[in-house]
Amino acid sequence: MGKRKLYEIDIRINRDDCKVAEIISKQKFHVQIENLNARIEKTIHLLQFAPNQKNILNEFKGSSLSAFNVGRGKIIVSSPSCSSCKLLAKLNSVILSVKFPDYNSVTYRILADKYLIKRIERELENERIEHKIIYKGEYETLSDLTPRQIEIVMFALINGYFDVKRRVTLNEIGRNFNIRASTVDLILRRALKKIIQARILKKI
């Protein structure tokens, strides 16, 4: 059995229903969206802003969005999910990063296999959401993992095992794969060691 190939794809999606992007665009804030957690009902954004934009928090709160300062020029904003975040959350997509070229568009970097890529494109087409894949490259960090390790790491990631507040346990992962929790723990530790070593060595 060959290794399951994973890809990083940059997919640019045109939509006009993101409240966070709308406020950033209208107020001409210089903001970098460092990360987001897309869910079906709401999306949580981690924003980095310039020191001279101290009124940014009030702008989001004034628009009835949940927002709070986490220090070092960063705030977290929670808003109803836009059409693209909602769709990607429904498909359990792993979003690695996000960029907002402008208010009407967003570029997601997503980790996916070829089947998920096709499914994302099909769902976007069904919803008549304009989109384009502008980059696709094999995800090298997982190249040394076995198919079993990739499968379990991806399941754990998508289902929230690595979240600060875990949404799935080792026992639950084990039941899904019909193996013991101790076996899941061993597989995850071996896989994470490979990932960390590959990432560190890549930077040396």
# chains A, B, ... in the order shown; residues from 1 in each chain; ligands from 1
$ residues_around --residues "range 86-101 of chain A" --least-positions-apart "5" --cutoff "6 Å" --atoms "only C-alpha atoms" --output "list in words"
Asn35, Ala38, Arg39, Ile40, Ser81, Val106, Thr107, Tyr108, Arg109, Ile110 and Leu111 of chain A
$ write_last_selection --atoms "all heavy atoms" --output "compact mmCIF listing (two decimals), in the first residue's frame"
# COMPACT_ATOMS: atom_id res chain seq x y z
N ASN A 35 -4.27 33.50 12.63
CA ASN A 35 -4.86 32.16 12.66
C ASN A 35 -6.36 32.29 12.80
O ASN A 35 -6.87 33.35 13.18
CB ASN A 35 -4.29 31.35 13.82
CG ASN A 35 -4.35 29.86 13.57
OD1 ASN A 35 -5.04 29.39 12.66
ND2 ASN A 35 -3.63 29.09 14.37
N ALA A 38 -12.20 27.82 12.29
CA ALA A 38 -13.48 27.88 11.59
C ALA A 38 -14.41 26.80 12.10
O ALA A 38 -14.06 25.61 12.13
CB ALA A 38 -13.27 27.73 10.09
N ARG A 39 -15.59 27.22 12.51
CA ARG A 39 -16.64 26.29 12.92
C ARG A 39 -17.89 26.59 12.10
O ARG A 39 -17.96 27.61 11.43
CB ARG A 39 -16.92 26.44 14.41
CG ARG A 39 -15.68 26.21 15.29
CD ARG A 39 -15.96 26.50 16.74
NE ARG A 39 -14.74 26.41 17.54
CZ ARG A 39 -14.68 26.72 18.83
NH1 ARG A 39 -15.77 27.16 19.45
NH2 ARG A 39 -13.54 26.61 19.48
N ILE A 40 -18.86 25.71 12.18
CA ILE A 40 -20.05 25.88 11.36
C ILE A 40 -20.82 27.12 11.77
O ILE A 40 -21.27 27.90 10.92
CB ILE A 40 -20.94 24.62 11.43
CG1 ILE A 40 -20.21 23.43 10.78
CG2 ILE A 40 -22.28 24.87 10.73
CD1 ILE A 40 -20.93 22.11 10.90
N SER A 81 -19.85 32.59 11.31
CA SER A 81 -19.04 32.09 10.21
C SER A 81 -19.56 32.59 8.87
O SER A 81 -20.77 32.59 8.62
CB SER A 81 -19.02 30.56 10.20
OG SER A 81 -18.29 30.07 11.32
N VAL A 106 -10.87 35.80 0.31
CA VAL A 106 -10.01 35.23 1.35
C VAL A 106 -9.22 34.09 0.72
O VAL A 106 -9.73 33.37 -0.13
CB VAL A 106 -10.85 34.73 2.55
CG1 VAL A 106 -11.89 33.71 2.10
CG2 VAL A 106 -9.96 34.13 3.63
N THR A 107 -7.96 33.96 1.13
CA THR A 107 -7.13 32.86 0.66
C THR A 107 -6.81 31.95 1.83
O THR A 107 -6.17 32.39 2.80
CB THR A 107 -5.83 33.36 0.01
OG1 THR A 107 -6.15 34.19 -1.10
CG2 THR A 107 -4.98 32.19 -0.47
N TYR A 108 -7.27 30.73 1.77
CA TYR A 108 -7.01 29.74 2.81
C TYR A 108 -5.86 28.84 2.36
O TYR A 108 -5.82 28.43 1.20
CB TYR A 108 -8.22 28.84 3.04
CG TYR A 108 -9.47 29.52 3.53
CD1 TYR A 108 -10.45 29.94 2.62
CD2 TYR A 108 -9.70 29.70 4.88
CE1 TYR A 108 -11.61 30.54 3.07
CE2 TYR A 108 -10.88 30.30 5.33
CZ TYR A 108 -11.82 30.71 4.42
OH TYR A 108 -12.98 31.30 4.85
N ARG A 109 -4.96 28.53 3.27
CA ARG A 109 -4.00 27.46 3.03
C ARG A 109 -4.51 26.25 3.81
O ARG A 109 -4.66 26.29 5.03
CB ARG A 109 -2.59 27.83 3.47
CG ARG A 109 -1.61 26.64 3.38
CD ARG A 109 -0.18 27.07 3.22
NE ARG A 109 0.07 27.60 1.88
CZ ARG A 109 1.29 27.78 1.37
NH1 ARG A 109 2.36 27.49 2.08
NH2 ARG A 109 1.44 28.27 0.15
N ILE A 110 -4.79 25.18 3.08
CA ILE A 110 -5.46 24.01 3.65
C ILE A 110 -4.60 22.77 3.48
O ILE A 110 -3.93 22.60 2.46
CB ILE A 110 -6.82 23.80 2.96
CG1 ILE A 110 -7.74 25.00 3.22
CG2 ILE A 110 -7.50 22.52 3.44
CD1 ILE A 110 -9.00 24.97 2.39
N LEU A 111 -4.61 21.91 4.48
CA LEU A 111 -3.95 20.61 4.41
C LEU A 111 -5.00 19.57 4.06
O LEU A 111 -5.99 19.42 4.77
CB LEU A 111 -3.30 20.28 5.76
CG LEU A 111 -2.55 18.95 5.86
CD1 LEU A 111 -1.36 18.94 4.92
CD2 LEU A 111 -2.09 18.71 7.30
$ select_by_dssp --residues "range 70-146 of chain A" --states "strand (DSSP E or B)" --output "short mmCIF file (atom, residue, chain, number, x, y, z; two decimals) with N, CA, C and O atoms, in the first residue's frame"
data_model
loop_
_atom_site.label_atom_id
_atom_site.label_comp_id
_atom_site.auth_asym_id
_atom_site.auth_seq_id
_atom_site.Cartn_x
_atom_site.Cartn_y
_atom_site.Cartn_z
N VAL A 70 -5.49 39.94 24.02
CA VAL A 70 -4.69 38.88 24.63
C VAL A 70 -3.24 39.32 24.80
O VAL A 70 -2.38 38.51 25.11
N GLY A 71 -2.96 40.61 24.60
CA GLY A 71 -1.62 41.14 24.83
C GLY A 71 -0.73 41.09 23.61
O GLY A 71 -1.00 40.40 22.62
N LYS A 74 -2.25 41.73 20.11
CA LYS A 74 -3.10 40.70 19.53
C LYS A 74 -4.48 40.71 20.18
O LYS A 74 -4.61 40.95 21.38
N ILE A 75 -5.48 40.47 19.36
CA ILE A 75 -6.84 40.34 19.88
C ILE A 75 -7.48 39.10 19.26
O ILE A 75 -7.09 38.64 18.19
N ILE A 76 -8.48 38.59 19.96
CA ILE A 76 -9.27 37.46 19.46
C ILE A 76 -10.68 37.97 19.20
O ILE A 76 -11.29 38.63 20.06
N VAL A 77 -11.18 37.72 18.01
CA VAL A 77 -12.51 38.15 17.62
C VAL A 77 -13.33 36.94 17.19
O VAL A 77 -12.88 36.13 16.37
N SER A 78 -14.52 36.83 17.75
CA SER A 78 -15.43 35.75 17.37
C SER A 78 -16.60 36.34 16.60
O SER A 78 -17.18 37.34 17.02
N SER A 79 -16.92 35.75 15.44
CA SER A 79 -18.01 36.27 14.61
C SER A 79 -18.77 35.10 13.99
O SER A 79 -18.25 33.98 13.92
N PRO A 80 -20.00 35.35 13.54
CA PRO A 80 -20.72 34.29 12.80
C PRO A 80 -19.88 33.87 11.59
O PRO A 80 -19.26 34.70 10.93
N VAL A 94 -8.57 21.14 7.52
CA VAL A 94 -7.51 21.64 8.37
C VAL A 94 -6.95 22.91 7.73
O VAL A 94 -6.28 22.86 6.70
N ILE A 95 -7.26 24.06 8.34
CA ILE A 95 -6.81 25.35 7.81
C ILE A 95 -5.48 25.71 8.46
O ILE A 95 -5.40 25.87 9.68
N LEU A 96 -4.43 25.82 7.65
CA LEU A 96 -3.10 26.12 8.17
C LEU A 96 -2.88 27.61 8.36
O LEU A 96 -2.21 28.04 9.30
N SER A 97 -3.41 28.42 7.46
CA SER A 97 -3.27 29.87 7.56
C SER A 97 -4.31 30.52 6.66
O SER A 97 -4.98 29.85 5.87
N VAL A 98 -4.44 31.84 6.80
CA VAL A 98 -5.44 32.55 6.02
C VAL A 98 -4.95 33.96 5.74
O VAL A 98 -4.25 34.56 6.56
N LYS A 99 -5.29 34.48 4.56
CA LYS A 99 -4.97 35.85 4.20
C LYS A 99 -6.20 36.51 3.58
O LYS A 99 -6.99 35.84 2.91
N PHE A 100 -6.33 37.80 3.82
CA PHE A 100 -7.44 38.56 3.25
C PHE A 100 -6.88 39.56 2.24
O PHE A 100 -6.46 40.66 2.62
N PRO A 101 -6.84 39.21 0.94
CA PRO A 101 -6.37 40.18 -0.07
C PRO A 101 -7.25 41.43 -0.08
O PRO A 101 -6.77 42.54 -0.29
N ASP A 102 -8.56 41.26 0.15
CA ASP A 102 -9.49 42.38 0.24
C ASP A 102 -10.76 41.88 0.93
O ASP A 102 -10.87 40.70 1.28
N SER A 105 -12.67 38.79 -0.65
CA SER A 105 -12.01 37.51 -0.92
C SER A 105 -11.14 37.09 0.27
O SER A 105 -10.74 37.92 1.09
N VAL A 106 -10.87 35.80 0.31
CA VAL A 106 -10.01 35.23 1.35
C VAL A 106 -9.22 34.09 0.72
O VAL A 106 -9.73 33.37 -0.13
N THR A 107 -7.96 33.96 1.13
CA THR A 107 -7.13 32.86 0.66
C THR A 107 -6.81 31.95 1.83
O THR A 107 -6.17 32.39 2.80
N TYR A 108 -7.27 30.73 1.77
CA TYR A 108 -7.01 29.74 2.81
C TYR A 108 -5.86 28.84 2.36
O TYR A 108 -5.82 28.43 1.20
N ARG A 109 -4.96 28.53 3.27
CA ARG A 109 -4.00 27.46 3.03
C ARG A 109 -4.51 26.25 3.81
O ARG A 109 -4.66 26.29 5.03
N ILE A 110 -4.79 25.18 3.08
CA ILE A 110 -5.46 24.01 3.65
C ILE A 110 -4.60 22.77 3.48
O ILE A 110 -3.93 22.60 2.46
N LEU A 111 -4.61 21.91 4.48
CA LEU A 111 -3.95 20.61 4.41
C LEU A 111 -5.00 19.57 4.06
O LEU A 111 -5.99 19.42 4.77
N ALA A 112 -4.81 18.88 2.93
CA ALA A 112 -5.83 17.93 2.48
C ALA A 112 -5.24 16.90 1.54
O ALA A 112 -4.19 17.12 0.93
N HIS A 131 -14.25 30.48 -6.75
CA HIS A 131 -13.01 30.06 -6.09
C HIS A 131 -11.97 29.67 -7.13
O HIS A 131 -12.29 29.41 -8.29
N LYS A 132 -10.71 29.60 -6.68
CA LYS A 132 -9.63 29.19 -7.56
C LYS A 132 -8.47 28.67 -6.71
O LYS A 132 -8.06 29.33 -5.75
N ILE A 133 -7.94 27.50 -7.05
CA ILE A 133 -6.73 26.99 -6.40
C ILE A 133 -5.53 27.67 -7.04
O ILE A 133 -5.29 27.52 -8.24
N ILE A 134 -4.78 28.44 -6.24
CA ILE A 134 -3.66 29.20 -6.79
C ILE A 134 -2.31 28.59 -6.43
O ILE A 134 -1.27 29.04 -6.91
N TYR A 135 -2.32 27.57 -5.58
CA TYR A 135 -1.08 26.85 -5.25
C TYR A 135 -1.44 25.46 -4.76
O TYR A 135 -2.43 25.26 -4.06
N LYS A 136 -0.61 24.49 -5.16
CA LYS A 136 -0.75 23.12 -4.65
C LYS A 136 0.63 22.49 -4.58
O LYS A 136 1.35 22.46 -5.57
N GLY A 137 1.00 22.02 -3.40
CA GLY A 137 2.31 21.39 -3.23
C GLY A 137 2.23 20.25 -2.23
O GLY A 137 1.42 20.29 -1.30
N GLU A 138 3.03 19.25 -2.44
CA GLU A 138 3.02 18.10 -1.52
C GLU A 138 3.51 18.55 -0.15
O GLU A 138 4.47 19.32 -0.03
#
$ select_by_dssp --residues "range 36-193 of chain A" --states "alpha helix (DSSP H)" --output "PyMOL selection string"
chain A and resi 56-62+83-90+114-126+147-158+170-177+181-193
$ closest_residue --among "A:Gln27, A:Asn52, A:Thr169, A:Ser84" --to "Asn14 in chain A" --atoms "only C-alpha atoms"
A:Ser84
$ atom_distance --atom1 "CA of Ala191 in chain A" --atom2 "CA of Thr146 in chain A"
8.4 Å
$ closest_residue --among "A:Lys114, A:Cys18, A:Ile196, A:Asn37" --to "Asp163 in chain A" --atoms "only C-alpha atoms"
A:Asn37
$ atom_distance --atom1 "CA of Ala181 in chain A" --atom2 "CA of Asp144 in chain A"
23.1 Å
$ atom_distance --atom1 "CA of Glu130 in chain A" --atom2 "CA of Ile9 in chain A"
16.1 Å
